[in-house]
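Shown next, in structure tokens, is the structure this report addresses.
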Amino acid sequence: MFEQTLPRTLDPRRLAEQAVTLEGTLPLSGFLRLREYLVKEAILSRKIKGTLSFSFGVGGVILVNGRIEAQLPLQCQRCLDTMDYDASVDLLLGLVRTKNVQLMTGYEPYQMEDDRLCIQDLIEGELILHLPLVARHSEQDCHLGGSGMELPQNEAEKVKRTKKHPFEALNALKADKTLGED
């Protein structure tokens, strides 16, 4: 069972030989690299759910199929409030030691340094890769609405009326010059 007491490293070859599927949760507070991107105050009680199945592919490559789901507390870059980002990552990985291994179509390489696999590092890396570039509430959920950068309608009209053309002074000089030539 994939639980909080899960060891940091596992033997994926043995799991693939037995065609094991691991299911369970891990506390979000244990993912140190991922925590750098999250709102710290909202992490404590959250968990990451995961299902990982191990098997062998062509050429004896160990395959990992699975799904990771988590509700990650991010800071909305529009209003700066905390928002929940529903992360759902489907995994199709081939565990390799070198980069020149051919994998079945749809599988991505995951490079291992030795015979042990750190499940927490794998999950953490995949979640970091699937974070949004700019975290924002949907427009209806954000208390600023829209982009948060629009001026109220009456303010926009004032700016439009008072805004002068940057080359207006040149037109005046040109007009003076033409008057002087007559």
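For the structure tokens, the naming scheme is as follows: chains receive sequential letters (A, B, ...) according to their order of presentation, residues are indexed from 1 within each chain, and ligands are indexed from 1 in presentation order.
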- Item | alpha helix (DSSP H) call set, DSSP backbone run, stretch 14-64 of chain A, as a list in words |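 The alpha helix (DSSP H) residues within stretch 14-64 of chain A come out as Arg14, Leu15, Ala16, Glu17, Leu32, Arg33, Leu34 and Arg35 of chain A.
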- A:Ser88 environment, 8 Å, only C-alpha atoms, sequence neighbours closer than 5 positions dropped, as a list of chain:residue names: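 In the requested form, the answer reads A:Arg67, A:Ile68, A:Glu69, A:Ala70.
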- Message: Show me, as a list in words, the residues that have an atom within 8 Å of A:Cys79 when counting only C-alpha atoms, minus same-chain residues fewer than 3 positions from it.
- Response: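 These residues fall inside the cut-off: Cys76, Cys142, His143, Leu144 and Gly148 of chain A.
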- Message: List as a PyMOL selection string the protein and nucleic acid residues near A:Ala19, meaning an atom at most 9 Å away when only C-alpha atoms are counted, but skip any in the same chain fewer than 4 places from it.
- Response: chain A and resi 14-15+53-56
- A:Gly66, A:Gly59, A:Pro73, A:Pro12 ranked by distance to A:Ala42, top pick (using only C-alpha atoms):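 Checking each candidate against A:Ala42, we get A:Pro73 as the closest.
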- Query: Could you pull the residues within 12 Å of A:Asp90, counting only C-alpha atoms, minus those fewer than 4 positions along the same chain, as a PyMOL selection string?
  - Reply: chain A and resi 50-53+64-69+106-108+123+126-127+130
Mind dumping the selected residues with N, CA and C atoms as an mmCIF file, in the first residue's frame?
```
data_model
loop_
_atom_site.group_PDB
_atom_site.id
_atom_site.type_symbol
_atom_site.label_atom_id
_atom_site.label_comp_id
_atom_site.auth_asym_id
_atom_site.auth_seq_id
_atom_site.Cartn_x
_atom_site.Cartn_y
_atom_site.Cartn_z
ATOM 1 N N GLY A 50 -2.122 9.135 -5.098
ATOM 2 C CA GLY A 50 -1.421 8.564 -6.235
ATOM 3 C C GLY A 50 -1.729 7.100 -6.451
ATOM 4 N N THR A 51 -1.676 6.695 -7.708
ATOM 5 C CA THR A 51 -1.781 5.298 -8.113
ATOM 6 C C THR A 51 -0.650 5.050 -9.095
ATOM 7 N N LEU A 52 0.203 4.077 -8.805
ATOM 8 C CA LEU A 52 1.329 3.747 -9.662
ATOM 9 C C LEU A 52 1.350 2.243 -9.911
ATOM 10 N N SER A 53 1.385 1.857 -11.188
ATOM 11 C CA SER A 53 1.460 0.446 -11.567
ATOM 12 C C SER A 53 2.797 0.190 -12.243
ATOM 13 N N VAL A 64 6.145 2.542 -15.684
ATOM 14 C CA VAL A 64 5.317 3.036 -14.581
ATOM 15 C C VAL A 64 4.122 3.762 -15.193
ATOM 16 N N ASN A 65 2.942 3.246 -14.937
ATOM 17 C CA ASN A 65 1.691 3.888 -15.362
ATOM 18 C C ASN A 65 0.995 4.353 -14.100
ATOM 19 N N GLY A 66 0.385 5.498 -14.165
ATOM 20 C CA GLY A 66 -0.322 5.934 -12.967
ATOM 21 C C GLY A 66 -0.956 7.291 -13.114
ATOM 22 N N ARG A 67 -1.450 7.736 -11.973
ATOM 23 C CA ARG A 67 -2.129 9.030 -11.910
ATOM 24 C C ARG A 67 -1.833 9.659 -10.549
ATOM 25 N N ILE A 68 -1.580 10.954 -10.577
ATOM 26 C CA ILE A 68 -1.334 11.723 -9.356
ATOM 27 C C ILE A 68 -2.384 12.822 -9.308
ATOM 28 N N GLU A 69 -2.998 12.996 -8.150
ATOM 29 C CA GLU A 69 -3.990 14.057 -7.980
ATOM 30 C C GLU A 69 -3.697 14.805 -6.687
ATOM 31 N N GLY A 106 4.352 6.994 -26.530
ATOM 32 C CA GLY A 106 3.569 7.597 -25.455
ATOM 33 C C GLY A 106 4.285 7.624 -24.112
ATOM 34 N N TYR A 107 5.348 6.848 -23.976
ATOM 35 C CA TYR A 107 6.085 6.797 -22.707
ATOM 36 C C TYR A 107 7.231 7.793 -22.727
ATOM 37 N N GLU A 108 7.445 8.449 -21.589
ATOM 38 C CA GLU A 108 8.549 9.384 -21.431
ATOM 39 C C GLU A 108 9.637 8.727 -20.592
ATOM 40 N N ILE A 123 7.121 11.800 -7.990
ATOM 41 C CA ILE A 123 5.833 12.509 -7.896
ATOM 42 C C ILE A 123 6.055 14.014 -7.819
ATOM 43 N N GLU A 126 7.050 15.481 -11.235
ATOM 44 C CA GLU A 126 5.924 15.520 -12.170
ATOM 45 C C GLU A 126 4.940 16.633 -11.806
ATOM 46 N N LEU A 127 4.675 16.845 -10.532
ATOM 47 C CA LEU A 127 3.766 17.922 -10.121
ATOM 48 C C LEU A 127 4.359 19.294 -10.432
ATOM 49 N N HIS A 130 3.886 20.212 -13.973
ATOM 50 C CA HIS A 130 2.507 20.475 -14.366
ATOM 51 C C HIS A 130 1.893 21.694 -13.677
#
```
- Message: DSSP on the backbone, strand (DSSP E) only: what residues of stretch 11-180 of chain A does that give? Format it as a PyMOL selection string.
- Response: chain A and resi 21-27+47-56+62-75+82-96+108-111+117-118
- Message: Would you pick out the contacts of A:Arg46 at 10 Å or less, using only C-alpha atoms, so that residues sharing its chain but fewer than 6 positions from it are not included, and give the list as a PyMOL selection string?
- Response: chain A and resi 25-29+70-73
Convert the current residue selection to file output with N, CA and C atoms, as a JSON list (two decimals), in the first residue's frame.
```json
[["chain", "number", "residue", "atom", "x", "y", "z"],
["A", 25, "THR", "N", -1.81, 7.84, -0.29],
["A", 25, "THR", "CA", -1.55, 9.28, -0.17],
["A", 25, "THR", "C", -0.19, 9.54, 0.46],
["A", 26, "LEU", "N", 0.31, 10.71, 0.20],
["A", 26, "LEU", "CA", 1.51, 11.22, 0.85],
["A", 26, "LEU", "C", 1.21, 12.64, 1.31],
["A", 27, "PRO", "N", 1.75, 13.06, 2.46],
["A", 27, "PRO", "CA", 1.49, 14.43, 2.93],
["A", 27, "PRO", "C", 2.21, 15.45, 2.05],
["A", 28, "LEU", "N", 1.51, 16.50, 1.68],
["A", 28, "LEU", "CA", 2.08, 17.56, 0.85],
["A", 28, "LEU", "C", 3.25, 18.25, 1.56],
["A", 29, "SER", "N", 3.23, 18.25, 2.87],
["A", 29, "SER", "CA", 4.28, 18.93, 3.63],
["A", 29, "SER", "C", 5.65, 18.26, 3.46],
["A", 70, "ALA", "N", -3.80, 16.12, -6.77],
["A", 70, "ALA", "CA", -3.55, 16.95, -5.59],
["A", 70, "ALA", "C", -4.27, 18.28, -5.76],
["A", 71, "GLN", "N", -4.65, 18.85, -4.65],
["A", 71, "GLN", "CA", -5.19, 20.20, -4.64],
["A", 71, "GLN", "C", -4.10, 21.07, -4.04],
["A", 72, "LEU", "N", -3.45, 21.86, -4.91],
["A", 72, "LEU", "CA", -2.28, 22.63, -4.51],
["A", 72, "LEU", "C", -2.65, 24.09, -4.25],
["A", 73, "PRO", "N", -2.26, 24.62, -3.08],
["A", 73, "PRO", "CA", -2.54, 26.03, -2.77],
["A", 73, "PRO", "C", -1.51, 26.95, -3.41]]
```
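In this comparison, which uses only C-alpha atoms, the residue of A:Lys47, A:Arg78, A:Asp114, A:Glu41 approaching A:Glu139 most closely is A:Arg78.
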- Item | Among listed residues A:Asp86, A:Asp81, A:Glu23, A:Glu113, nearest A:Lys99 (using only C-alpha atoms) | A:Glu113
- Mind pulling up the distance from atom CA of A:Pro109 to atom CA of A:Glu36?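 One can read the atom CA of A:Glu36 to atom CA of A:Pro109 distance as 25.2 Å.
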